[in-house]
Amino acid sequence: GHDDGIVKEEPGEDDDEHLDNKELTELANEGSRTPLLGEKWSLDRAILMCGNSEEQAQDDMDGSNGTSNRYGRMLEEQRKELSARLEPPEKRASRDVYTAYQIMKDASSRLALPNLVLIEASNVMCQYAFKRNGFHVRGIARQ
């Protein structure tokens, strides 16, 4: 047939990797205990790689007055150093995590959810991506 760039998953593929609600709850609990910094699917690393200095400062809770220029320069240096160390698949993973985080952040804002909901959802998201080595969901086509 015509190849339009969409890959459909075959039935039965990755059946052993299916996550049920209990497993997702366990991942949420692990997410609050497991340090994610430095891992491929880390939100901290994704924000450092892809976020702006305001997001990084908010993530670090260090956006004090008078330090924005210096902080912005430090962020650029850290980003360049990290980018030089990472392989392309790790960079793509950080972009994927950051994109998913931005979508969740926007939805959380539109729904006026408490910040804790976004934090917990982010933990589950990163743990899911870590366990599955990506965001692929069984039965969903990808481009």
# chains A, B, ... in the order shown; residues from 1 in each chain; ligands from 1
$ closest_atom_pairs --of "range 70-141 of chain A" --to "range 43-47 of chain A" --cutoff "7 Å" --atoms "only C-alpha atoms" --output "JSON lines"
{"residue": "A:Ser94", "atom": "CA", "partner": "A:Ala46", "partner_atom": "CA", "distance": 4.3}
{"residue": "A:Arg95", "atom": "CA", "partner": "A:Ala46", "partner_atom": "CA", "distance": 6.3}
{"residue": "A:Val97", "atom": "CA", "partner": "A:Ala46", "partner_atom": "CA", "distance": 6.1}
{"residue": "A:Tyr98", "atom": "CA", "partner": "A:Ala46", "partner_atom": "CA", "distance": 5.2}
{"residue": "A:Cys126", "atom": "CA", "partner": "A:Leu43", "partner_atom": "CA", "distance": 6.8}
$ residues_around --residues "Cys50 in chain A" --least-positions-apart "2" --cutoff "12 Å" --atoms "only C-alpha atoms" --output "PyMOL selection string"
chain A and resi 43-48+52-56+75-76+78-80+82-83+91-102
$ residues_around --residues "Val117 in chain A" --least-positions-apart "4" --cutoff "8 Å" --atoms "only C-alpha atoms" --output "PyMOL selection string"
chain A and resi 108+113+121
$ write_last_selection --atoms "N, CA, C and O atoms" --output "PDB file, in the first residue's frame"
ATOM      1  N   SER A 108      -3.189  22.135  32.406  1.00  0.00           N
ATOM      2  CA  SER A 108      -3.332  22.380  33.842  1.00  0.00           C
ATOM      3  C   SER A 108      -3.747  23.828  34.104  1.00  0.00           C
ATOM      4  O   SER A 108      -4.607  24.105  34.932  1.00  0.00           O
ATOM      5  N   LEU A 113      -5.964  23.878  37.568  1.00  0.00           N
ATOM      6  CA  LEU A 113      -5.620  22.824  38.518  1.00  0.00           C
ATOM      7  C   LEU A 113      -4.516  23.300  39.456  1.00  0.00           C
ATOM      8  O   LEU A 113      -3.673  24.113  39.060  1.00  0.00           O
ATOM      9  N   ALA A 121       1.485  14.692  37.807  1.00  0.00           N
ATOM     10  CA  ALA A 121       1.302  14.233  36.423  1.00  0.00           C
ATOM     11  C   ALA A 121       2.650  14.170  35.708  1.00  0.00           C
ATOM     12  O   ALA A 121       2.907  13.242  34.931  1.00  0.00           O
TER      13      ALA A 121
END
$ atom_distance --atom1 "CA of Lys105 in chain A" --atom2 "CA of Ser122 in chain A"
9.1 Å
